[in-house]
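Visitor: Would you mind keeping the following structure in view while I ask a few things?
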Amino acid sequence: MKLGDLVVMPDCDEPGAMGLIVAPPKPRRPRRIGVWWFEENPDLAQSFCVDYEPMDWLEVVSES
């Protein structure tokens, strides 16, 4: 998993949500990576919000 990859979270409550890896893991949380989520429902989208998600929960759908 690297910067620019498109990912999904298969067990997510929001089906169809896709994210872009935009930040590498932080030293204090090496097993989480920064994801900028794009929601199917624009009312739920939080632009400019990067969530640090566990890498084990993510699945790459398109590599950069």
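Residues in the structure tokens are numbered from 1 in each chain, the chains being A, B, ... in the order shown, and ligands are numbered from 1 in the order shown.
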Please run DSSP on the backbone and report, as number ranges by chain, all residues within chain A that come out as strand (DSSP E).
Guide: A: 6-8, 18-23, 32-38, 50-54, 59-62
Visitor: Would you kindly return, as a short mmCIF file (atom, residue, chain, number, x, y, z; two decimals) with C-alpha atoms, in the first residue's frame, each protein, DNA or RNA residue with an atom no farther than 8 Å from any atom of Trp57 (chain A), considering only C-alpha atoms and excluding same-chain residues fewer than 5 positions away?
Guide:
```cif
data_model
loop_
_atom_site.label_atom_id
_atom_site.label_comp_id
_atom_site.auth_asym_id
_atom_site.auth_seq_id
_atom_site.Cartn_x
_atom_site.Cartn_y
_atom_site.Cartn_z
CA MET A 9 -12.81 -0.98 3.32
CA PRO A 10 -14.77 -4.19 2.60
CA ASP A 11 -16.44 -4.35 6.04
#
```
Visitor: Between A:Glu63, A:Glu53, A:Asp5, A:Asp13, single out the one closest to Pro25 (chain A), counting only C-alpha atoms.
Guide: A:Glu53
Visitor: From the set A:Ser62, A:Met18, A:Trp37, A:Pro24, which residue has the shortest atom-to-atom contact distance to Val50 (chain A), counting only C-alpha atoms?
Guide: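 Nearest to Val50 (chain A): A:Trp37.
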